[in-house]
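Asker: Compact mmCIF, C-alpha atoms, saved as my_file-v2.txt, coming up:
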# COMPACT_ATOMS: atom_id res chain seq x y z
CA GLU A 103 -272.41 -121.35 117.40
CA ARG A 104 -270.20 -124.15 116.14
CA ALA A 105 -272.09 -126.70 118.28
CA ILE A 106 -275.44 -125.58 116.84
CA LYS A 107 -274.09 -125.64 113.29
CA PHE A 108 -272.73 -129.13 113.88
CA LYS A 109 -276.18 -130.23 115.05
CA ILE A 110 -277.75 -128.76 111.91
CA THR A 111 -275.22 -130.46 109.64
CA SER A 112 -275.77 -133.81 111.38
CA LEU A 113 -279.53 -133.56 110.98
CA GLU A 114 -279.21 -132.57 107.32
CA SER A 115 -276.92 -135.54 106.71
CA ARG A 116 -279.37 -137.93 108.35
CA LEU A 117 -282.23 -136.55 106.27
CA ALA A 118 -280.19 -136.86 103.07
CA SER A 119 -279.44 -140.51 103.84
CA LEU A 120 -283.09 -141.49 104.28
CA THR A 121 -285.05 -143.22 101.53
CA ASN A 122 -288.82 -143.70 101.28
CA GLU A 123 -288.35 -147.43 100.95
CA ASP A 124 -286.78 -148.17 104.31
CA GLU A 125 -287.71 -145.16 106.44
CA SER A 126 -291.10 -144.10 107.71
CA ASP A 127 -292.65 -140.69 107.19
CA LYS A 128 -292.73 -140.37 110.96
CA GLU A 129 -288.93 -140.45 111.14
CA VAL A 130 -288.64 -137.86 108.38
CA ARG A 131 -291.09 -135.55 110.16
CA HIS A 132 -289.20 -135.98 113.43
CA LEU A 133 -285.90 -135.01 111.80
CA ASN A 134 -287.45 -132.04 110.00
CA VAL A 135 -288.87 -130.74 113.28
CA ALA A 136 -285.49 -131.15 114.97
CA LEU A 137 -283.77 -129.39 112.05
CA THR A 138 -286.18 -126.46 112.17
CA THR A 139 -285.70 -126.18 115.93
CA ALA A 140 -281.91 -126.13 115.54
CA GLN A 141 -282.08 -123.51 112.78
CA ASN A 142 -284.30 -121.31 114.96
CA GLU A 143 -281.87 -121.81 117.85
CA LEU A 144 -279.03 -120.56 115.64
CA GLU A 145 -280.96 -117.45 114.60
CA ILE A 146 -281.86 -116.66 118.22
CA TRP A 147 -278.21 -117.04 119.20
CA LYS A 148 -277.11 -114.69 116.41
CA GLU A 149 -279.66 -112.06 117.42
CA SER A 150 -278.53 -112.32 121.04
CA MET A 151 -274.89 -111.83 120.03
CA LYS A 152 -275.84 -108.90 117.82
CA LYS A 153 -277.52 -107.12 120.74
CA ARG A 154 -274.83 -107.89 123.30
CA PHE A 155 -271.72 -107.48 121.11
CA PRO A 156 -272.58 -105.42 118.01
CA GLN A 157 -268.95 -104.60 117.21
CA TYR A 158 -267.96 -108.28 117.38
CA VAL A 159 -270.74 -109.23 114.98
CA ALA A 160 -269.66 -106.48 112.59
CA ASP A 161 -266.06 -107.74 112.71
CA VAL A 162 -267.12 -111.33 112.07
CA LYS A 163 -269.03 -110.29 108.94
CA GLU A 164 -265.81 -108.87 107.53
CA HIS A 165 -264.21 -112.33 107.61
CA LYS A 166 -266.03 -114.50 105.09
CA GLU A 167 -265.74 -118.26 105.15
CA ILE A 168 -262.92 -119.61 103.03
CA SER A 169 -263.54 -122.35 100.46
CA LEU A 170 -261.37 -125.46 100.27
CA SER A 171 -259.99 -124.42 96.88
CA ASP A 172 -259.05 -120.97 98.22
CA LEU A 173 -257.51 -122.57 101.30
CA ARG A 174 -255.37 -124.85 99.16
CA SER A 175 -254.16 -121.97 97.02
CA SER A 176 -253.45 -119.76 100.05
CA LEU A 177 -251.17 -122.23 101.79
CA GLY A 178 -247.46 -122.17 101.05
CA ASP A 179 -245.43 -125.22 100.04
CA ASN A 180 -244.44 -126.13 103.57
CA VAL A 181 -247.51 -124.90 105.42
CA LEU A 182 -249.65 -127.41 107.30
CA PHE A 183 -253.24 -126.44 108.12
CA LEU A 184 -255.05 -128.26 110.93
CA GLU A 185 -258.51 -127.57 112.34
CA TYR A 186 -260.03 -129.42 115.29
CA PHE A 187 -263.70 -129.75 116.13
CA PHE A 188 -265.42 -131.60 118.96
CA GLY A 189 -268.58 -133.48 118.06
CA GLN A 190 -270.86 -135.09 120.58
CA ASN A 191 -268.78 -138.24 121.03
CA ALA A 192 -265.75 -137.74 118.82
CA LEU A 193 -263.03 -135.33 117.78
CA TYR A 194 -262.81 -134.36 114.10
CA ILE A 195 -259.50 -133.26 112.60
CA PHE A 196 -259.36 -131.54 109.22
CA GLY A 197 -255.99 -131.04 107.58
CA VAL A 198 -254.51 -129.67 104.37
CA PHE A 199 -250.92 -130.08 103.18
CA HIS A 200 -249.42 -129.74 99.68
CA GLY A 201 -252.92 -129.53 98.21
CA LYS A 202 -254.08 -132.74 99.86
CA ALA A 203 -257.05 -132.49 102.24
CA GLU A 204 -258.16 -135.09 104.78
CA LEU A 205 -260.83 -135.33 107.46
CA ILE A 206 -260.50 -137.94 110.19
CA MET A 207 -262.57 -138.80 113.23
CA MET A 208 -260.99 -139.77 116.55
CA PRO A 209 -262.74 -141.17 119.64
CA ASN A 210 -262.89 -138.68 122.48
CA LYS A 211 -261.60 -140.75 125.40
CA ASN A 212 -261.17 -138.50 128.43
CA LEU A 213 -259.30 -136.04 126.23
CA GLU A 214 -260.37 -132.98 128.23
CA GLU A 215 -259.15 -134.51 131.49
CA ARG A 216 -255.75 -135.39 130.00
CA VAL A 217 -255.26 -131.94 128.47
CA HIS A 218 -256.01 -130.28 131.82
CA LYS A 219 -253.60 -132.63 133.58
CA PHE A 220 -250.89 -131.83 131.03
CA CYS A 221 -251.44 -128.08 131.49
CA ARG A 222 -251.25 -128.45 135.27
CA LEU A 223 -247.85 -130.13 134.90
CA LEU A 224 -246.65 -127.21 132.79
CA ALA A 225 -247.92 -124.69 135.32
CA LYS A 226 -246.32 -126.60 138.18
CA GLY A 227 -242.87 -126.27 136.67
CA LEU A 228 -239.75 -128.09 137.80
CA GLN A 229 -239.87 -128.83 141.50
CA SER A 230 -237.57 -131.01 143.56
CA GLU A 231 -240.45 -132.89 145.12
CA ASN A 232 -241.81 -135.68 142.86
CA ARG A 233 -239.68 -134.45 139.96
CA THR A 234 -239.09 -137.99 138.64
CA VAL A 235 -242.79 -138.82 138.77
CA ASP A 236 -243.69 -135.49 137.14
CA PHE A 237 -241.18 -136.11 134.36
CA LYS A 238 -242.61 -139.56 133.66
CA ASN A 239 -246.17 -138.21 133.68
CA TYR A 240 -245.17 -135.34 131.39
CA THR A 241 -243.51 -137.55 128.80
CA THR A 242 -246.35 -140.08 128.91
CA LEU A 243 -249.08 -137.45 128.57
CA SER A 244 -247.33 -135.32 125.93
CA SER A 245 -246.37 -138.24 123.70
CA GLY A 246 -249.85 -139.70 124.10
CA LEU A 247 -251.51 -136.43 123.12
CA PHE A 248 -249.21 -136.11 120.11
CA GLY A 249 -250.08 -139.65 119.06
CA GLU A 250 -253.77 -138.87 119.29
CA LEU A 251 -253.98 -135.28 118.03
CA MET A 252 -251.16 -135.15 115.47
CA SER A 253 -249.92 -138.56 114.32
CA PRO A 254 -253.11 -139.78 112.54
CA ILE A 255 -253.64 -136.61 110.51
CA LEU A 256 -249.91 -136.30 109.69
CA LYS A 257 -249.98 -139.86 108.39
CA ALA A 258 -253.14 -139.22 106.38
CA LEU A 259 -251.53 -136.14 104.78
CA ASP A 260 -248.18 -137.89 104.14
CA VAL A 261 -246.33 -135.39 106.32
CA ASP A 262 -242.81 -136.38 107.33
CA LEU A 263 -241.62 -134.09 110.11
CA THR A 264 -238.00 -135.05 109.56
CA GLU A 265 -237.87 -134.07 105.88
CA GLU A 266 -238.34 -130.32 105.92
CA PRO A 267 -239.09 -127.49 108.37
CA LEU A 268 -242.81 -126.80 108.51
CA GLN A 269 -245.08 -123.96 109.43
CA ALA A 270 -248.28 -125.19 111.06
CA ILE A 271 -251.52 -123.23 111.39
CA ILE A 272 -253.70 -124.76 114.09
CA ILE A 273 -257.37 -123.95 114.68
CA PRO A 274 -258.15 -125.48 118.09
CA ASP A 275 -261.57 -126.15 119.59
CA GLY A 276 -262.76 -126.32 123.16
CA VAL A 277 -260.15 -127.45 125.66
CA LEU A 278 -257.53 -127.69 122.90
CA SER A 279 -257.36 -123.89 122.98
CA LEU A 280 -255.44 -124.33 126.26
CA LEU A 281 -252.94 -126.80 124.82
CA PRO A 282 -249.50 -125.57 123.68
CA PHE A 283 -248.93 -128.00 120.81
CA GLN A 284 -245.27 -126.97 120.66
CA ALA A 285 -244.68 -128.72 124.00
CA LEU A 286 -245.93 -132.10 122.81
CA VAL A 287 -243.31 -134.82 122.53
CA VAL A 288 -243.08 -136.47 119.12
CA SER A 289 -241.50 -139.71 120.34
CA LYS A 290 -241.68 -141.12 123.85
CA THR A 291 -238.37 -141.06 125.63
CA ASP A 292 -236.60 -143.84 127.51
CA LEU A 293 -234.60 -141.38 129.57
CA LEU A 294 -234.01 -142.59 133.10
CA ASN A 295 -232.95 -139.19 134.39
CA VAL A 296 -235.05 -136.03 134.42
CA ASN A 297 -233.97 -134.02 131.38
CA TYR A 298 -236.68 -131.88 129.80
CA LYS A 299 -234.17 -130.23 127.47
CA ALA A 300 -233.43 -133.53 125.72
CA LEU A 301 -237.06 -134.30 124.85
CA ASP A 302 -238.15 -134.55 121.22
CA TYR A 303 -240.56 -131.61 121.20
CA LEU A 304 -242.78 -130.80 118.25
CA VAL A 305 -241.38 -127.27 118.18
CA ARG A 306 -238.08 -128.75 116.95
CA TYR A 307 -239.81 -129.67 113.69
CA CYS A 308 -242.18 -126.81 112.97
CA THR A 309 -243.25 -123.33 113.95
CA ILE A 310 -246.86 -123.12 115.07
CA SER A 311 -249.37 -120.29 114.91
CA TYR A 312 -252.94 -120.36 116.18
CA SER A 313 -256.20 -118.85 115.01
CA PHE A 314 -259.82 -118.98 116.15
CA ASP A 315 -261.15 -119.70 112.66
CA GLY A 316 -259.88 -120.97 109.34
CA ALA A 317 -260.31 -117.74 107.37
CA SER A 318 -258.56 -115.20 109.62
CA PRO A 319 -254.94 -116.24 108.81
CA PHE A 320 -255.56 -115.41 105.15
CA VAL A 321 -257.34 -112.06 105.52
CA SER A 322 -255.51 -109.39 103.55
CA GLY A 323 -254.72 -106.00 104.99
CA ASN A 324 -254.19 -104.93 108.57
CA PRO A 325 -257.03 -106.11 110.84
CA ALA A 326 -255.82 -104.07 113.80
CA LYS A 327 -258.32 -101.65 115.33
CA GLU A 328 -257.52 -98.24 116.78
CA ASN A 329 -259.25 -99.09 120.06
CA LEU A 330 -256.91 -101.89 121.15
CA LEU A 331 -256.92 -102.33 124.93
CA ALA A 332 -254.04 -104.33 126.44
CA PHE A 333 -252.91 -105.17 129.98
CA GLY A 334 -249.53 -106.45 131.16
CA TRP A 335 -249.13 -107.66 134.72
CA SER A 336 -245.56 -106.40 135.12
CA ASP A 337 -243.48 -103.25 135.12
CA GLY A 338 -240.53 -105.05 133.54
CA ILE A 339 -238.78 -105.98 136.78
CA GLU A 340 -238.75 -109.53 138.12
CA ARG A 341 -239.09 -109.43 141.91
CA SER A 342 -240.44 -112.95 142.41
CA PRO A 343 -240.97 -116.16 140.38
CA ASN A 344 -244.61 -115.10 139.88
CA ASP A 345 -243.67 -111.91 138.01
CA LEU A 346 -243.84 -111.89 134.22
CA PRO A 347 -241.39 -109.21 133.07
CA GLY A 348 -241.72 -110.41 129.47
CA THR A 349 -245.28 -109.08 129.25
CA TYR A 350 -244.01 -105.54 129.76
CA HIS A 351 -241.59 -105.81 126.84
CA GLU A 352 -244.21 -107.51 124.67
CA LEU A 353 -246.68 -104.68 125.19
CA ARG A 354 -244.02 -102.08 124.44
CA ALA A 355 -243.28 -103.88 121.15
CA ILE A 356 -246.98 -104.13 120.27
CA ALA A 357 -247.47 -100.43 121.03
CA ASP A 358 -244.89 -99.62 118.36
CA VAL A 359 -247.06 -101.14 115.61
CA ILE A 360 -250.65 -100.99 116.88
CA PRO A 361 -252.28 -97.89 118.37
CA GLY A 362 -254.39 -98.24 121.50
CA GLU A 363 -254.37 -98.03 125.29
CA PHE A 364 -251.75 -100.03 127.21
CA PHE A 365 -251.75 -100.55 130.97
CA MET A 366 -248.71 -102.09 132.67
CA GLY A 367 -247.55 -102.74 136.20
CA ALA A 368 -249.62 -101.02 138.88
CA LYS A 369 -251.97 -99.56 136.26
CA ALA A 370 -252.99 -103.02 135.05
CA ARG A 371 -255.75 -103.39 137.59
CA LYS A 372 -259.25 -104.82 137.51
CA GLU A 373 -260.65 -101.39 138.36
CA THR A 374 -258.95 -99.92 135.26
CA PHE A 375 -260.48 -102.57 133.04
CA LEU A 376 -263.98 -102.10 134.47
Could you write out this file's structure as structure tokens?
Answerer:
Amino acid sequence: ERAIKFKITSLESRLASLTNEDESDKEVRHLNVALTTAQNELEIWKESMKKRFPQYVADVKEHKEISLSDLRSSLGDNVLFLEYFFGQNALYIFGVFHGKAELIMMPNKNLEERVHKFCRLLAKGLQSENRTVDFKNYTTLSSGLFGELMSPILKALDVDLTEEPLQAIIIPDGVLSLLPFQALVVSKTDLLNVNYKALDYLVRYCTISYSFDGASPFVSGNPAKENLLAFGWSDGIERSPNDLPGTYHELRAIADVIPGEFFMGAKARKETFL
């Protein structure tokens, strides 16, 4: 949906920039046809979603788009709002802080590949084999991603991470939904020895929350539904490094505040979900 809307916006912008003096009627007709096609594509997509996921569509309608003025007034004094959006050849970053709003465009140079590589390093964990090489790759990738995804917009918004503790609301897009921004390194280290604990992580400067759209963090009331379905792949006991005992305790805590069905341990099976 966002990709189609971006296409529509781009076509509308190109049409608005045309003048009768330097552009032919043929170009205008071509853009109008493309715009109509994109608008029809969006309507077809919406109808398809409505048939396949009626409850989702109903939930989306409850969350209206938020205006820039409302967004500014909804943010606290030390709250940083960042939204990312992939265009065809670039990454757009929209940010708001202390009432100031900025939109910047960054070239998309193999960003998806680098994010996946960074996530693979996280999943690999600390291993004795190639640990020095992994540490160097981790610090290089994480500081590079911070410099690309965070530094430009922080500079544009006059955000100084060292001045005050921040709360950041991040709306990722595409592959960035896989990226734990907290694990990015603010400044590249010159450490010769492997020491992940000593790295200058972003989490040291701000707490980060994520959302799938810009309006949801500011919706009043309790959005929880009574038909919550949750699975936890553990019974609370760690028998091997692959076990996740924390998921058991997380689900127990969630069950105390949100009604629904919770399946843990042996009950958290594919057959149960289907």
Asker: Give me the residues near Tyr186 in chain A as a ChimeraX atom specification, where near means some atom within 8 Å (using all atoms listed in the file) and where sequence neighbours in that chain fewer than 4 positions away do not count.
Answerer: /A:193-196,272-275
Asker: Any chance you can output those residues with C-alpha atoms as a PDB file, in the frame of the given file?
Answerer:
ATOM      1  CA  LEU A 193    -263.030-135.330 117.780  1.00  0.00           C
ATOM      2  CA  TYR A 194    -262.810-134.360 114.100  1.00  0.00           C
ATOM      3  CA  ILE A 195    -259.500-133.260 112.600  1.00  0.00           C
ATOM      4  CA  PHE A 196    -259.360-131.540 109.220  1.00  0.00           C
ATOM      5  CA  ILE A 272    -253.700-124.760 114.090  1.00  0.00           C
ATOM      6  CA  ILE A 273    -257.370-123.950 114.680  1.00  0.00           C
ATOM      7  CA  PRO A 274    -258.150-125.480 118.090  1.00  0.00           C
ATOM      8  CA  ASP A 275    -261.570-126.150 119.590  1.00  0.00           C
TER       9      ASP A 275
END
Asker: Quick one: of A:Thr111, A:Gln229, A:Asn239, A:Ser311, who's nearest to Val287 in chain A, counting only C-alpha atoms?
Answerer: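 Comparing A:Thr111, A:Gln229, A:Asn239, A:Ser311 against Val287 in chain A, the winner is A:Asn239.
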Asker: With 12 Å as the threshold, what does the neighbourhood of (-279.9, -133.5, 109.4) contain in terms of residues, counting all atoms listed in the file? Coordinates are those of the file; answer as a VMD selection string.
Answerer: chain A and resid 106 to 120 129 to 141
Asker: Applying 12 Å and all atoms listed in the file, which residues near range 197-212 of chain A remain after dropping the ones on its own chain fewer than 4 positions away? List them as a count of residues only.
Answerer: 52
Asker: Could you please determine the separation between CA of Glu214 in chain A and CA of Leu243 in chain A in Å, to one decimal place?
Answerer: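 Taking CA of Glu214 in chain A as the start and CA of Leu243 in chain A as the end point, the length is 12.1 Å.
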Asker: Edge lengths and centre, in Å to one decimal, as AutoDock Vina command-line options: that's what I need for the box along x, y and z that holds all listed atoms of range 308-317 of chain A plus 6 Å on each side.
Answerer:
--center_x -251.7 --center_y -122.3 --center_z 111.8 --size_x 31.0 --size_y 21.1 --size_z 20.8
Asker: At what distance in Å, to one decimal, does CA of Leu281 in chain A lie from CA of Phe237 in chain A?
Answerer: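 So the two atoms, CA of Phe237 in chain A and CA of Leu281 in chain A, lie 17.8 Å apart.
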Asker: Report, in Å with one decimal, the straight-line distance from CA of Leu286 in chain A to CA of Asn232 in chain A.
Answerer: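 So the two atoms, CA of Leu286 in chain A and CA of Asn232 in chain A, lie 20.8 Å apart.
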Asker: Could you give me, as an NGL selection string, the residues within 9 Å of Thr349 in chain A, counting all atoms listed in the file and dropping anything in the same chain fewer than 6 positions from it?
Answerer: :A and (333-338 or 366)
Asker: When you look at Trp147 in chain A with a cut-off of 12 Å (counting all atoms listed in the file), what residues show up, excluding the ones that are within fewer than 3 positions of it in the same chain? I need them as a ChimeraX atom specification.
Answerer: /A:103-107,140-144,150-155,159
Asker: Which residues of range 189-282 of chain A come within 10 Å of range 293-306 of chain A, and what is each one's closest atom pair and distance in Å (one decimal), counting all atoms listed in the file, sorted by chain and residue number, as a Markdown table?
Answerer:
| residue | atom | partner | partner_atom | distance |
| --- | --- | --- | --- | --- |
| A:Leu228 | CA | A:Tyr298 | CA | 9.4 |
| A:Arg233 | CA | A:Val296 | CA | 7.4 |
| A:Thr234 | CA | A:Val296 | CA | 6.2 |
| A:Val235 | CA | A:Val296 | CA | 9.3 |
| A:Asp236 | CA | A:Val296 | CA | 9.1 |
| A:Phe237 | CA | A:Val296 | CA | 6.1 |
| A:Lys238 | CA | A:Val296 | CA | 8.4 |
| A:Tyr240 | CA | A:Tyr298 | CA | 9.3 |
| A:Thr241 | CA | A:Leu301 | CA | 8.2 |
| A:Ser244 | CA | A:Tyr303 | CA | 9.1 |
| A:Ser245 | CA | A:Tyr303 | CA | 9.2 |
| A:Phe248 | CA | A:Leu304 | CA | 8.5 |
| A:Met252 | CA | A:Leu304 | CA | 9.8 |
| A:Leu263 | CA | A:Leu304 | CA | 8.9 |
| A:Thr264 | CA | A:Arg306 | CA | 9.7 |
| A:Pro267 | CA | A:Arg306 | CA | 8.7 |
| A:Leu268 | CA | A:Val305 | CA | 9.8 |
| A:Pro282 | CA | A:Val305 | CA | 10.0 |
Asker: Point out the residue among A:Ser169, A:Thr374, A:Thr242, A:Ser230 with the least atom-to-atom distance to Thr291 in chain A, counting all atoms listed in the file.
Answerer: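 For Thr291 in chain A, the nearest of the given residues is A:Thr242.
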